[in-house]
Amino acid sequence: MKDRLIGEARAAMARAYAPYSNFPVGAAILGEGGGIHAGANVENAAYPQGQCAESSAIGAMIMAGERRIREIAVMGGQPGDGLLCTPCGGCRQRLREFAAPGMTIHVCGPEGLRRSFTLEELLPHSFGPGNLAF
Ligand code: THU
């Protein structure tokens, strides 16, 4: 399943709209119901209005009727750049809304998997829906 997710993230990356940064990113979520939901970054001439690939993928998941993330692959960067295209801080929190702290995030470059993390590793001591369950 990991390889399938990485393939879907690659296909999503190819559809990114990133004319300002020239940094296309693709993301593919495996939902707990078994669906795969992909998204790409969508930039805007009014720069702050741009949207990350993870946000697009979360929107696709919600519109498909799923509410829980089992696993995600994120792909960005250039072959051999030696960098990790980890989700930005805002997206770590967006993922937290729909995922358990142990959810796996596969960080990929165009050539494939570079490193896997749990959400908790990237967003320790997080605030989530449970904090508001009073
Ligand atoms: N970006 C993502 O879509 N996801 C990430 O994980 C990191 C950054 C996008 C935002 C912007 O369109 C471009 O990459 C450069 O920051």
# chains A, B, ... in the order shown; residues from 1 in each chain; ligands from 1
$ residues_around --residues "segment 101-114 of chain A" --least-positions-apart "4" --cutoff "8 Å" --atoms "only C-alpha atoms" --output "PyMOL selection string"
chain A and resi 6+10+69-79+84-86+96+118-120
$ write_last_selection --atoms "C-alpha atoms" --output "short mmCIF file (atom, residue, chain, number, x, y, z; two decimals), in the first residue's frame"
data_model
loop_
_atom_site.label_atom_id
_atom_site.label_comp_id
_atom_site.auth_asym_id
_atom_site.auth_seq_id
_atom_site.Cartn_x
_atom_site.Cartn_y
_atom_site.Cartn_z
CA ILE A 6 3.77 6.99 -3.28
CA ARG A 10 3.78 11.33 -7.71
CA ILE A 69 -6.42 9.16 7.82
CA ARG A 70 -4.55 5.87 8.11
CA GLU A 71 -1.38 6.84 6.23
CA ILE A 72 -0.13 9.63 3.93
CA ALA A 73 2.62 10.05 1.35
CA VAL A 74 3.94 13.54 0.54
CA MET A 75 6.26 14.12 -2.41
CA GLY A 76 8.25 17.22 -3.31
CA GLY A 77 11.73 18.43 -4.27
CA GLN A 78 14.33 17.42 -6.81
CA PRO A 79 16.08 14.06 -7.23
CA LEU A 84 12.90 16.25 3.27
CA CYS A 85 9.65 17.74 2.03
CA THR A 86 7.92 17.35 5.38
CA ARG A 96 -3.89 15.93 13.36
CA THR A 118 4.78 9.28 12.78
CA LEU A 119 2.62 12.35 13.10
CA GLU A 120 3.65 12.50 16.75
#
$ select_by_dssp --residues "segment 5-127 of chain A" --states "strand (DSSP E or B)" --output "tab-separated table (two decimals) with all heavy atoms, in the first residue's frame"
chain	number	residue	atom	x	y	z
A	17	TYR	N	-0.25	23.13	-9.20
A	17	TYR	CA	-0.25	24.47	-9.79
A	17	TYR	C	0.68	25.30	-8.92
A	17	TYR	O	0.29	25.79	-7.85
A	17	TYR	CB	-1.67	25.05	-9.80
A	17	TYR	CG	-1.72	26.46	-10.34
A	17	TYR	CD1	-1.55	26.72	-11.70
A	17	TYR	CD2	-1.91	27.54	-9.48
A	17	TYR	CE1	-1.58	28.02	-12.19
A	17	TYR	CE2	-1.94	28.85	-9.96
A	17	TYR	CZ	-1.77	29.07	-11.31
A	17	TYR	OH	-1.80	30.36	-11.80
A	25	VAL	N	4.21	19.92	-5.26
A	25	VAL	CA	4.10	18.94	-4.18
A	25	VAL	C	2.83	18.12	-4.43
A	25	VAL	O	1.80	18.66	-4.84
A	25	VAL	CB	4.02	19.60	-2.79
A	25	VAL	CG1	3.94	18.55	-1.67
A	25	VAL	CG2	5.22	20.52	-2.56
A	26	GLY	N	2.92	16.82	-4.17
A	26	GLY	CA	1.75	15.95	-4.24
A	26	GLY	C	1.58	15.22	-2.93
A	26	GLY	O	2.57	14.94	-2.24
A	27	ALA	N	0.35	14.93	-2.58
A	27	ALA	CA	0.07	14.17	-1.35
A	27	ALA	C	-1.01	13.15	-1.66
A	27	ALA	O	-1.92	13.42	-2.44
A	27	ALA	CB	-0.38	15.09	-0.22
A	28	ALA	N	-0.90	11.98	-1.03
A	28	ALA	CA	-1.92	10.95	-1.19
A	28	ALA	C	-2.22	10.33	0.17
A	28	ALA	O	-1.30	9.86	0.86
A	28	ALA	CB	-1.47	9.87	-2.17
A	29	ILE	N	-3.48	10.39	0.55
A	29	ILE	CA	-3.96	9.88	1.84
A	29	ILE	C	-4.60	8.52	1.63
A	29	ILE	O	-5.38	8.34	0.69
A	29	ILE	CB	-5.02	10.86	2.42
A	29	ILE	CG1	-4.37	12.15	2.90
A	29	ILE	CG2	-5.84	10.19	3.53
A	29	ILE	CD1	-5.37	13.24	3.27
A	30	LEU	N	-4.28	7.59	2.53
A	30	LEU	CA	-5.05	6.34	2.62
A	30	LEU	C	-6.05	6.54	3.75
A	30	LEU	O	-5.65	6.76	4.91
A	30	LEU	CB	-4.13	5.15	2.92
A	30	LEU	CG	-4.85	3.83	3.22
A	30	LEU	CD1	-5.64	3.35	2.00
A	30	LEU	CD2	-3.85	2.76	3.67
A	31	GLY	N	-7.32	6.51	3.42
A	31	GLY	CA	-8.35	6.66	4.44
A	31	GLY	C	-8.59	5.36	5.17
A	31	GLY	O	-8.25	4.28	4.67
A	36	ILE	N	-8.21	6.11	-1.46
A	36	ILE	CA	-7.01	6.93	-1.63
A	36	ILE	C	-7.46	8.29	-2.13
A	36	ILE	O	-8.25	8.38	-3.09
A	36	ILE	CB	-6.01	6.27	-2.58
A	36	ILE	CG1	-5.45	5.00	-1.92
A	36	ILE	CG2	-4.87	7.23	-2.92
A	36	ILE	CD1	-4.37	4.30	-2.68
A	37	HIS	N	-6.94	9.35	-1.49
A	37	HIS	CA	-7.39	10.71	-1.77
A	37	HIS	C	-6.15	11.57	-1.99
A	37	HIS	O	-5.35	11.73	-1.07
A	37	HIS	CB	-8.22	11.24	-0.61
A	37	HIS	CG	-9.24	10.25	-0.15
A	37	HIS	ND1	-10.37	9.97	-0.88
A	37	HIS	CD2	-9.26	9.43	0.93
A	37	HIS	CE1	-11.06	9.03	-0.26
A	37	HIS	NE2	-10.41	8.68	0.84
A	38	ALA	N	-6.02	12.08	-3.20
A	38	ALA	CA	-4.79	12.80	-3.55
A	38	ALA	C	-5.06	14.28	-3.72
A	38	ALA	O	-6.20	14.71	-3.95
A	38	ALA	CB	-4.20	12.21	-4.83
A	39	GLY	N	-4.00	15.06	-3.59
A	39	GLY	CA	-4.09	16.51	-3.79
A	39	GLY	C	-2.72	17.07	-4.10
A	39	GLY	O	-1.70	16.44	-3.85
A	40	ALA	N	-2.73	18.28	-4.65
A	40	ALA	CA	-1.49	18.98	-4.99
A	40	ALA	C	-1.56	20.40	-4.44
A	40	ALA	O	-2.64	20.89	-4.09
A	40	ALA	CB	-1.31	19.01	-6.51
A	42	VAL	N	-1.75	24.32	-4.66
A	42	VAL	CA	-2.47	25.22	-5.57
A	42	VAL	C	-2.10	26.64	-5.15
A	42	VAL	O	-2.61	27.14	-4.14
A	42	VAL	CB	-4.00	25.01	-5.48
A	42	VAL	CG1	-4.71	25.92	-6.48
A	42	VAL	CG2	-4.37	23.54	-5.73
A	51	GLN	N	-2.44	27.06	-1.39
A	51	GLN	CA	-2.84	25.91	-0.56
A	51	GLN	C	-1.85	24.77	-0.73
A	51	GLN	O	-1.42	24.48	-1.85
A	51	GLN	CB	-4.23	25.46	-1.03
A	51	GLN	CG	-4.77	24.23	-0.36
A	51	GLN	CD	-6.26	24.09	-0.59
A	51	GLN	OE1	-7.02	25.02	-0.38
A	51	GLN	NE2	-6.69	22.92	-1.05
A	69	ILE	N	-7.62	9.42	8.62
A	69	ILE	CA	-6.42	9.16	7.82
A	69	ILE	C	-5.65	8.00	8.44
A	69	ILE	O	-5.31	8.04	9.63
A	69	ILE	CB	-5.51	10.41	7.79
A	69	ILE	CG1	-6.25	11.60	7.18
A	69	ILE	CG2	-4.21	10.12	7.02
A	69	ILE	CD1	-5.49	12.92	7.28
A	70	ARG	N	-5.34	7.01	7.61
A	70	ARG	CA	-4.55	5.87	8.11
A	70	ARG	C	-3.07	6.08	7.82
A	70	ARG	O	-2.19	5.69	8.59
A	70	ARG	CB	-5.03	4.58	7.44
A	70	ARG	CG	-4.31	3.34	7.91
A	70	ARG	CD	-4.86	2.08	7.28
A	70	ARG	NE	-6.21	1.78	7.75
A	70	ARG	CZ	-7.02	0.90	7.17
A	70	ARG	NH1	-6.64	0.24	6.10
A	70	ARG	NH2	-8.22	0.68	7.66
A	71	GLU	N	-2.77	6.73	6.70
A	71	GLU	CA	-1.38	6.84	6.23
A	71	GLU	C	-1.37	7.94	5.16
A	71	GLU	O	-2.38	8.14	4.47
A	71	GLU	CB	-1.02	5.50	5.60
A	71	GLU	CG	0.42	5.14	5.48
A	71	GLU	CD	0.56	3.68	4.99
A	71	GLU	OE1	-0.33	2.85	5.27
A	71	GLU	OE2	1.53	3.39	4.30
A	72	ILE	N	-0.23	8.61	4.99
A	72	ILE	CA	-0.13	9.63	3.93
A	72	ILE	C	1.26	9.60	3.32
A	72	ILE	O	2.25	9.37	4.05
A	72	ILE	CB	-0.49	11.05	4.45
A	72	ILE	CG1	-0.47	12.09	3.31
A	72	ILE	CG2	0.43	11.49	5.58
A	72	ILE	CD1	-1.02	13.46	3.71
A	73	ALA	N	1.34	9.83	2.03
A	73	ALA	CA	2.62	10.05	1.35
A	73	ALA	C	2.63	11.48	0.83
A	73	ALA	O	1.64	11.95	0.26
A	73	ALA	CB	2.80	9.06	0.19
A	74	VAL	N	3.75	12.16	1.03
A	74	VAL	CA	3.94	13.54	0.54
A	74	VAL	C	5.19	13.53	-0.32
A	74	VAL	O	6.22	12.98	0.08
A	74	VAL	CB	4.12	14.53	1.71
A	74	VAL	CG1	4.33	15.94	1.19
A	74	VAL	CG2	2.93	14.47	2.66
A	75	MET	N	5.11	14.12	-1.51
A	75	MET	CA	6.26	14.12	-2.41
A	75	MET	C	6.56	15.54	-2.92
A	75	MET	O	5.67	16.24	-3.38
A	75	MET	CB	6.00	13.21	-3.62
A	75	MET	CG	7.20	13.08	-4.54
A	75	MET	SD	6.89	11.97	-5.93
A	75	MET	CE	6.75	10.41	-5.11
A	76	GLY	N	7.83	15.92	-2.80
A	76	GLY	CA	8.25	17.22	-3.31
A	76	GLY	C	9.76	17.25	-3.44
A	76	GLY	O	10.46	16.37	-2.92
A	104	THR	N	1.29	7.19	10.09
A	104	THR	CA	2.58	7.27	9.39
A	104	THR	C	2.54	8.27	8.24
A	104	THR	O	1.59	8.28	7.44
A	104	THR	CB	2.95	5.88	8.83
A	104	THR	OG1	2.98	4.95	9.91
A	104	THR	CG2	4.32	5.90	8.17
A	105	ILE	N	3.58	9.08	8.17
A	105	ILE	CA	3.76	10.07	7.10
A	105	ILE	C	5.00	9.67	6.30
A	105	ILE	O	6.12	9.68	6.84
A	105	ILE	CB	3.95	11.48	7.68
A	105	ILE	CG1	2.71	11.88	8.51
A	105	ILE	CG2	4.22	12.51	6.57
A	105	ILE	CD1	2.87	13.19	9.28
A	106	HIS	N	4.83	9.30	5.04
A	106	HIS	CA	5.95	8.93	4.18
A	106	HIS	C	6.41	10.19	3.43
A	106	HIS	O	5.65	10.75	2.62
A	106	HIS	CB	5.52	7.87	3.17
A	106	HIS	CG	4.99	6.62	3.81
A	106	HIS	ND1	5.79	5.78	4.57
A	106	HIS	CD2	3.75	6.07	3.81
A	106	HIS	CE1	5.06	4.77	5.00
A	106	HIS	NE2	3.83	4.91	4.56
A	107	VAL	N	7.60	10.61	3.71
A	107	VAL	CA	8.16	11.82	3.07
A	107	VAL	C	9.01	11.36	1.89
A	107	VAL	O	9.96	10.58	2.06
A	107	VAL	CB	8.98	12.63	4.09
A	107	VAL	CG1	9.63	13.83	3.42
A	107	VAL	CG2	8.08	13.08	5.25
A	108	CYS	N	8.66	11.84	0.70
A	108	CYS	CA	9.23	11.31	-0.54
A	108	CYS	C	9.83	12.39	-1.42
A	108	CYS	O	9.39	13.55	-1.38
A	108	CYS	CB	8.13	10.61	-1.36
A	108	CYS	SG	7.21	9.37	-0.42
A	109	GLY	N	10.80	11.99	-2.22
A	109	GLY	CA	11.27	12.79	-3.34
A	109	GLY	C	10.79	12.12	-4.61
A	109	GLY	O	10.21	11.02	-4.55
A	112	GLY	N	11.32	8.46	-4.90
A	112	GLY	CA	10.67	7.55	-3.98
A	112	GLY	C	10.81	7.95	-2.52
A	112	GLY	O	11.13	9.11	-2.20
A	113	LEU	N	10.60	6.96	-1.65
A	113	LEU	CA	10.58	7.23	-0.20
A	113	LEU	C	11.95	7.70	0.31
A	113	LEU	O	12.98	7.11	-0.02
A	113	LEU	CB	10.19	5.93	0.53
A	113	LEU	CG	10.14	6.01	2.06
A	113	LEU	CD1	9.03	6.96	2.52
A	113	LEU	CD2	9.92	4.62	2.66
A	114	ARG	N	11.93	8.76	1.11
A	114	ARG	CA	13.17	9.21	1.75
A	114	ARG	C	13.19	8.87	3.23
A	114	ARG	O	14.19	8.44	3.77
A	114	ARG	CB	13.34	10.72	1.53
A	114	ARG	CG	13.61	11.04	0.07
A	114	ARG	CD	13.97	12.49	-0.18
A	114	ARG	NE	14.25	12.67	-1.61
A	114	ARG	CZ	14.51	13.83	-2.17
A	114	ARG	NH1	14.50	14.95	-1.44
A	114	ARG	NH2	14.77	13.91	-3.47
A	115	ARG	N	12.05	9.09	3.89
A	115	ARG	CA	11.99	8.79	5.33
A	115	ARG	C	10.53	8.77	5.77
A	115	ARG	O	9.73	9.55	5.25
A	115	ARG	CB	12.77	9.87	6.08
A	115	ARG	CG	12.96	9.54	7.53
A	115	ARG	CD	14.00	10.45	8.17
A	115	ARG	NE	13.84	10.42	9.61
A	115	ARG	CZ	14.54	11.14	10.47
A	115	ARG	NH1	15.48	11.96	10.04
A	115	ARG	NH2	14.32	11.05	11.76
A	116	SER	N	10.23	7.89	6.70
A	116	SER	CA	8.88	7.85	7.26
A	116	SER	C	8.91	8.33	8.71
A	116	SER	O	9.87	8.06	9.44
A	116	SER	CB	8.31	6.43	7.20
A	116	SER	OG	8.20	6.01	5.86
A	117	PHE	N	7.86	9.04	9.09
A	117	PHE	CA	7.71	9.58	10.44
A	117	PHE	C	6.32	9.21	10.95
A	117	PHE	O	5.41	8.99	10.16
A	117	PHE	CB	7.78	11.12	10.44
A	117	PHE	CG	9.07	11.70	9.97
A	117	PHE	CD1	9.27	11.98	8.62
A	117	PHE	CD2	10.07	12.02	10.88
A	117	PHE	CE1	10.47	12.54	8.18
A	117	PHE	CE2	11.27	12.59	10.45
A	117	PHE	CZ	11.47	12.86	9.10
A	118	THR	N	6.15	9.23	12.27
A	118	THR	CA	4.78	9.28	12.78
A	118	THR	C	4.40	10.75	12.90
A	118	THR	O	5.26	11.64	13.02
A	118	THR	CB	4.66	8.61	14.17
A	118	THR	OG1	5.46	9.35	15.10
A	118	THR	CG2	5.10	7.16	14.12
$ closest_atom_pairs --of "chain A" --to "ligand 1" --cutoff "6 Å" --atoms "only C-alpha atoms and all ligand atoms" --output "CSV"
residue,atom,partner,partner_atom_place_in_ligand_line,distance
A:Ala18,CA,ligand 1,12 (O),5.7
A:Ser21,CA,ligand 1,15 (C),5.3
A:Phe23,CA,ligand 1,13 (C),5.2
A:Val25,CA,ligand 1,3 (O),4.9
A:Asn41,CA,ligand 1,3 (O),4.3
A:Glu43,CA,ligand 1,12 (O),5.3
A:Cys52,CA,ligand 1,3 (O),3.2
A:Ala53,CA,ligand 1,3 (O),3.9
A:Cys85,CA,ligand 1,6 (O),5.5
A:Thr86,CA,ligand 1,6 (O),5.0
A:Pro87,CA,ligand 1,6 (O),3.4
A:Cys88,CA,ligand 1,6 (O),5.2
$ write_last_selection --atoms "N, CA and C atoms" --output "PDB file, in the first residue's frame"
ATOM      1  N   ALA A  18       1.941  25.379  -9.334  1.00  0.00           N
ATOM      2  CA  ALA A  18       2.949  26.046  -8.509  1.00  0.00           C
ATOM      3  C   ALA A  18       3.829  26.960  -9.359  1.00  0.00           C
ATOM      4  N   SER A  21       6.403  29.352  -6.897  1.00  0.00           N
ATOM      5  CA  SER A  21       7.534  28.714  -6.209  1.00  0.00           C
ATOM      6  C   SER A  21       8.283  27.747  -7.123  1.00  0.00           C
ATOM      7  N   PHE A  23       7.766  24.774  -7.086  1.00  0.00           N
ATOM      8  CA  PHE A  23       8.005  23.665  -6.158  1.00  0.00           C
ATOM      9  C   PHE A  23       6.716  22.851  -6.066  1.00  0.00           C
ATOM     10  N   VAL A  25       4.214  19.924  -5.256  1.00  0.00           N
ATOM     11  CA  VAL A  25       4.098  18.936  -4.182  1.00  0.00           C
ATOM     12  C   VAL A  25       2.832  18.122  -4.430  1.00  0.00           C
ATOM     13  N   ASN A  41      -0.389  21.048  -4.387  1.00  0.00           N
ATOM     14  CA  ASN A  41      -0.428  22.448  -3.978  1.00  0.00           C
ATOM     15  C   ASN A  41      -1.028  23.303  -5.093  1.00  0.00           C
ATOM     16  N   GLU A  43      -1.186  27.248  -5.902  1.00  0.00           N
ATOM     17  CA  GLU A  43      -0.707  28.582  -5.513  1.00  0.00           C
ATOM     18  C   GLU A  43      -1.619  29.669  -6.076  1.00  0.00           C
ATOM     19  N   CYS A  52      -1.510  24.128   0.364  1.00  0.00           N
ATOM     20  CA  CYS A  52      -0.575  22.999   0.323  1.00  0.00           C
ATOM     21  C   CYS A  52      -1.242  21.738  -0.232  1.00  0.00           C
ATOM     22  N   ALA A  53      -0.401  20.825  -0.690  1.00  0.00           N
ATOM     23  CA  ALA A  53      -0.886  19.548  -1.217  1.00  0.00           C
ATOM     24  C   ALA A  53      -1.669  18.774  -0.159  1.00  0.00           C
ATOM     25  N   CYS A  85      10.827  16.900   2.225  1.00  0.00           N
ATOM     26  CA  CYS A  85       9.646  17.741   2.028  1.00  0.00           C
ATOM     27  C   CYS A  85       8.594  17.311   3.049  1.00  0.00           C
ATOM     28  N   THR A  86       8.854  17.681   4.298  1.00  0.00           N
ATOM     29  CA  THR A  86       7.916  17.352   5.376  1.00  0.00           C
ATOM     30  C   THR A  86       6.740  18.320   5.342  1.00  0.00           C
ATOM     31  N   PRO A  87       5.587  17.903   5.832  1.00  0.00           N
ATOM     32  CA  PRO A  87       4.449  18.825   5.887  1.00  0.00           C
ATOM     33  C   PRO A  87       4.791  20.064   6.706  1.00  0.00           C
ATOM     34  N   CYS A  88       4.306  21.205   6.270  1.00  0.00           N
ATOM     35  CA  CYS A  88       4.530  22.453   7.010  1.00  0.00           C
ATOM     36  C   CYS A  88       3.811  22.374   8.360  1.00  0.00           C
TER      37      CYS A  88
END
$ residues_around --residues "Arg67 of chain A" --least-positions-apart "2" --cutoff "12 Å" --atoms "only C-alpha atoms" --output "compact mmCIF listing (two decimals) with all heavy atoms, in the first residue's frame"
# COMPACT_ATOMS: atom_id res chain seq x y z
N ILE A 29 -3.48 10.39 0.55
CA ILE A 29 -3.96 9.88 1.84
C ILE A 29 -4.60 8.52 1.63
O ILE A 29 -5.38 8.34 0.69
CB ILE A 29 -5.02 10.86 2.42
CG1 ILE A 29 -4.37 12.15 2.90
CG2 ILE A 29 -5.84 10.19 3.53
CD1 ILE A 29 -5.37 13.24 3.27
N LEU A 30 -4.28 7.59 2.53
CA LEU A 30 -5.05 6.34 2.62
C LEU A 30 -6.05 6.54 3.75
O LEU A 30 -5.65 6.76 4.91
CB LEU A 30 -4.13 5.15 2.92
CG LEU A 30 -4.85 3.83 3.22
CD1 LEU A 30 -5.64 3.35 2.00
CD2 LEU A 30 -3.85 2.76 3.67
N GLY A 31 -7.32 6.51 3.42
CA GLY A 31 -8.35 6.66 4.44
C GLY A 31 -8.59 5.36 5.17
O GLY A 31 -8.25 4.28 4.67
N GLU A 32 -9.18 5.44 6.35
CA GLU A 32 -9.44 4.21 7.10
C GLU A 32 -10.44 3.32 6.41
O GLU A 32 -10.47 2.12 6.64
CB GLU A 32 -9.85 4.54 8.54
CG GLU A 32 -8.62 4.94 9.35
CD GLU A 32 -8.84 4.90 10.85
OE1 GLU A 32 -9.99 4.71 11.30
OE2 GLU A 32 -7.84 5.08 11.57
N GLY A 33 -11.26 3.89 5.53
CA GLY A 33 -12.19 3.07 4.75
C GLY A 33 -11.54 2.42 3.54
O GLY A 33 -12.20 1.70 2.79
N GLY A 34 -10.25 2.72 3.32
CA GLY A 34 -9.52 2.09 2.22
C GLY A 34 -9.40 2.95 0.97
O GLY A 34 -8.72 2.55 0.03
N GLY A 35 -10.04 4.11 0.96
CA GLY A 35 -9.94 4.99 -0.21
C GLY A 35 -8.63 5.74 -0.25
O GLY A 35 -7.98 5.95 0.79
N HIS A 37 -6.94 9.35 -1.49
CA HIS A 37 -7.39 10.71 -1.77
C HIS A 37 -6.15 11.57 -1.99
O HIS A 37 -5.35 11.73 -1.07
CB HIS A 37 -8.22 11.24 -0.61
CG HIS A 37 -9.24 10.25 -0.15
ND1 HIS A 37 -10.37 9.97 -0.88
CD2 HIS A 37 -9.26 9.43 0.93
CE1 HIS A 37 -11.06 9.03 -0.26
NE2 HIS A 37 -10.41 8.68 0.84
N ALA A 57 -5.48 17.30 -0.38
CA ALA A 57 -5.78 15.88 -0.20
C ALA A 57 -6.82 15.69 0.91
O ALA A 57 -7.71 14.84 0.79
CB ALA A 57 -4.50 15.10 0.12
N ILE A 58 -6.70 16.47 1.97
CA ILE A 58 -7.70 16.38 3.05
C ILE A 58 -9.07 16.77 2.51
O ILE A 58 -10.09 16.11 2.79
CB ILE A 58 -7.29 17.27 4.25
CG1 ILE A 58 -6.09 16.65 4.98
CG2 ILE A 58 -8.47 17.46 5.20
CD1 ILE A 58 -5.46 17.57 6.03
N GLY A 59 -9.13 17.82 1.69
CA GLY A 59 -10.42 18.21 1.10
C GLY A 59 -11.01 17.10 0.24
O GLY A 59 -12.22 16.83 0.30
N ALA A 60 -10.14 16.43 -0.53
CA ALA A 60 -10.62 15.32 -1.37
C ALA A 60 -11.15 14.19 -0.50
O ALA A 60 -12.18 13.57 -0.81
CB ALA A 60 -9.49 14.83 -2.27
N MET A 61 -10.45 13.93 0.61
CA MET A 61 -10.89 12.85 1.52
C MET A 61 -12.27 13.17 2.10
O MET A 61 -13.17 12.31 2.12
CB MET A 61 -9.87 12.68 2.65
CG MET A 61 -10.28 11.64 3.67
SD MET A 61 -9.23 11.61 5.14
CE MET A 61 -9.84 13.05 6.04
N ILE A 62 -12.43 14.39 2.55
CA ILE A 62 -13.72 14.78 3.15
C ILE A 62 -14.83 14.68 2.12
O ILE A 62 -15.94 14.18 2.40
CB ILE A 62 -13.62 16.20 3.75
CG1 ILE A 62 -12.67 16.21 4.95
CG2 ILE A 62 -15.00 16.74 4.13
CD1 ILE A 62 -13.09 15.33 6.11
N MET A 63 -14.56 15.12 0.90
CA MET A 63 -15.59 15.08 -0.13
C MET A 63 -15.92 13.65 -0.56
O MET A 63 -17.00 13.39 -1.10
CB MET A 63 -15.18 15.92 -1.34
CG MET A 63 -15.34 17.40 -1.08
SD MET A 63 -16.97 17.81 -0.43
CE MET A 63 -18.01 17.35 -1.80
N ALA A 64 -14.99 12.72 -0.30
CA ALA A 64 -15.27 11.31 -0.61
C ALA A 64 -16.01 10.64 0.55
O ALA A 64 -16.34 9.45 0.47
CB ALA A 64 -13.96 10.57 -0.89
N GLY A 65 -16.26 11.39 1.61
CA GLY A 65 -17.03 10.85 2.73
C GLY A 65 -16.20 10.17 3.80
O GLY A 65 -16.75 9.54 4.70
N ILE A 69 -7.62 9.42 8.62
CA ILE A 69 -6.42 9.16 7.82
C ILE A 69 -5.65 8.00 8.44
O ILE A 69 -5.31 8.04 9.63
CB ILE A 69 -5.51 10.41 7.79
CG1 ILE A 69 -6.25 11.60 7.18
CG2 ILE A 69 -4.21 10.12 7.02
CD1 ILE A 69 -5.49 12.92 7.28
N ARG A 70 -5.34 7.01 7.61
CA ARG A 70 -4.55 5.87 8.11
C ARG A 70 -3.07 6.08 7.82
O ARG A 70 -2.19 5.69 8.59
CB ARG A 70 -5.03 4.58 7.44
CG ARG A 70 -4.31 3.34 7.91
CD ARG A 70 -4.86 2.08 7.28
NE ARG A 70 -6.21 1.78 7.75
CZ ARG A 70 -7.02 0.90 7.17
NH1 ARG A 70 -6.64 0.24 6.10
NH2 ARG A 70 -8.22 0.68 7.66
N LEU A 95 -3.52 17.67 9.58
CA LEU A 95 -3.53 16.20 9.58
C LEU A 95 -3.98 15.68 10.94
O LEU A 95 -4.70 14.67 11.03
CB LEU A 95 -2.14 15.66 9.22
CG LEU A 95 -1.68 15.94 7.78
CD1 LEU A 95 -0.19 15.61 7.63
CD2 LEU A 95 -2.50 15.13 6.77
N ARG A 96 -3.56 16.35 11.99
CA ARG A 96 -3.89 15.93 13.36
C ARG A 96 -5.39 15.84 13.59
O ARG A 96 -5.89 15.02 14.37
CB ARG A 96 -3.25 16.90 14.36
CG ARG A 96 -3.60 16.68 15.81
CD ARG A 96 -3.02 15.39 16.34
NE ARG A 96 -3.40 15.19 17.73
CZ ARG A 96 -4.52 14.62 18.14
NH1 ARG A 96 -5.40 14.18 17.24
NH2 ARG A 96 -4.79 14.48 19.42
N GLU A 97 -6.12 16.70 12.90
CA GLU A 97 -7.57 16.72 13.07
C GLU A 97 -8.21 15.37 12.71
O GLU A 97 -9.21 14.98 13.29
CB GLU A 97 -8.16 17.82 12.18
CG GLU A 97 -9.65 18.05 12.34
CD GLU A 97 -9.99 18.72 13.67
OE1 GLU A 97 -9.09 19.27 14.34
OE2 GLU A 97 -11.18 18.68 14.04
N PHE A 98 -7.57 14.68 11.76
CA PHE A 98 -8.19 13.47 11.20
C PHE A 98 -7.34 12.22 11.41
O PHE A 98 -7.62 11.19 10.78
CB PHE A 98 -8.43 13.68 9.69
CG PHE A 98 -9.26 14.90 9.39
CD1 PHE A 98 -8.68 16.05 8.88
CD2 PHE A 98 -10.62 14.90 9.65
CE1 PHE A 98 -9.44 17.18 8.62
CE2 PHE A 98 -11.40 16.02 9.39
CZ PHE A 98 -10.81 17.16 8.87
N ALA A 99 -6.32 12.30 12.24
CA ALA A 99 -5.40 11.17 12.37
C ALA A 99 -4.96 10.97 13.81
O ALA A 99 -4.86 11.92 14.59
CB ALA A 99 -4.16 11.40 11.50
N ALA A 100 -4.65 9.73 14.15
CA ALA A 100 -4.09 9.42 15.46
C ALA A 100 -2.61 9.83 15.47
O ALA A 100 -1.97 9.88 14.41
CB ALA A 100 -4.21 7.93 15.73
$ select_by_dssp --residues "segment 52-115 of chain A" --states "helix (DSSP H, G or I)" --output "PyMOL selection string"
chain A and resi 53-63+89-97
$ write_last_selection --atoms "C-alpha atoms" --output "PDB file, in the first residue's frame"
ATOM      1  CA  ALA A  53      -0.886  19.548  -1.217  1.00  0.00           C
ATOM      2  CA  GLU A  54      -1.879  18.065   2.143  1.00  0.00           C
ATOM      3  CA  SER A  55      -4.782  20.514   2.444  1.00  0.00           C
ATOM      4  CA  SER A  56      -5.976  19.596  -1.036  1.00  0.00           C
ATOM      5  CA  ALA A  57      -5.785  15.878  -0.197  1.00  0.00           C
ATOM      6  CA  ILE A  58      -7.698  16.380   3.048  1.00  0.00           C
ATOM      7  CA  GLY A  59     -10.416  18.215   1.098  1.00  0.00           C
ATOM      8  CA  ALA A  60     -10.619  15.324  -1.370  1.00  0.00           C
ATOM      9  CA  MET A  61     -10.893  12.849   1.518  1.00  0.00           C
ATOM     10  CA  ILE A  62     -13.723  14.776   3.150  1.00  0.00           C
ATOM     11  CA  MET A  63     -15.588  15.075  -0.131  1.00  0.00           C
ATOM     12  CA  GLY A  89       3.503  23.300  10.559  1.00  0.00           C
ATOM     13  CA  GLY A  90      -0.025  24.245   9.555  1.00  0.00           C
ATOM     14  CA  CYS A  91      -0.502  20.989   7.677  1.00  0.00           C
ATOM     15  CA  ARG A  92       0.789  18.940  10.594  1.00  0.00           C
ATOM     16  CA  GLN A  93      -2.075  20.423  12.589  1.00  0.00           C
ATOM     17  CA  ARG A  94      -4.555  19.854   9.742  1.00  0.00           C
ATOM     18  CA  LEU A  95      -3.532  16.203   9.577  1.00  0.00           C
ATOM     19  CA  ARG A  96      -3.887  15.926  13.364  1.00  0.00           C
ATOM     20  CA  GLU A  97      -7.572  16.718  13.070  1.00  0.00           C
TER      21      GLU A  97
END
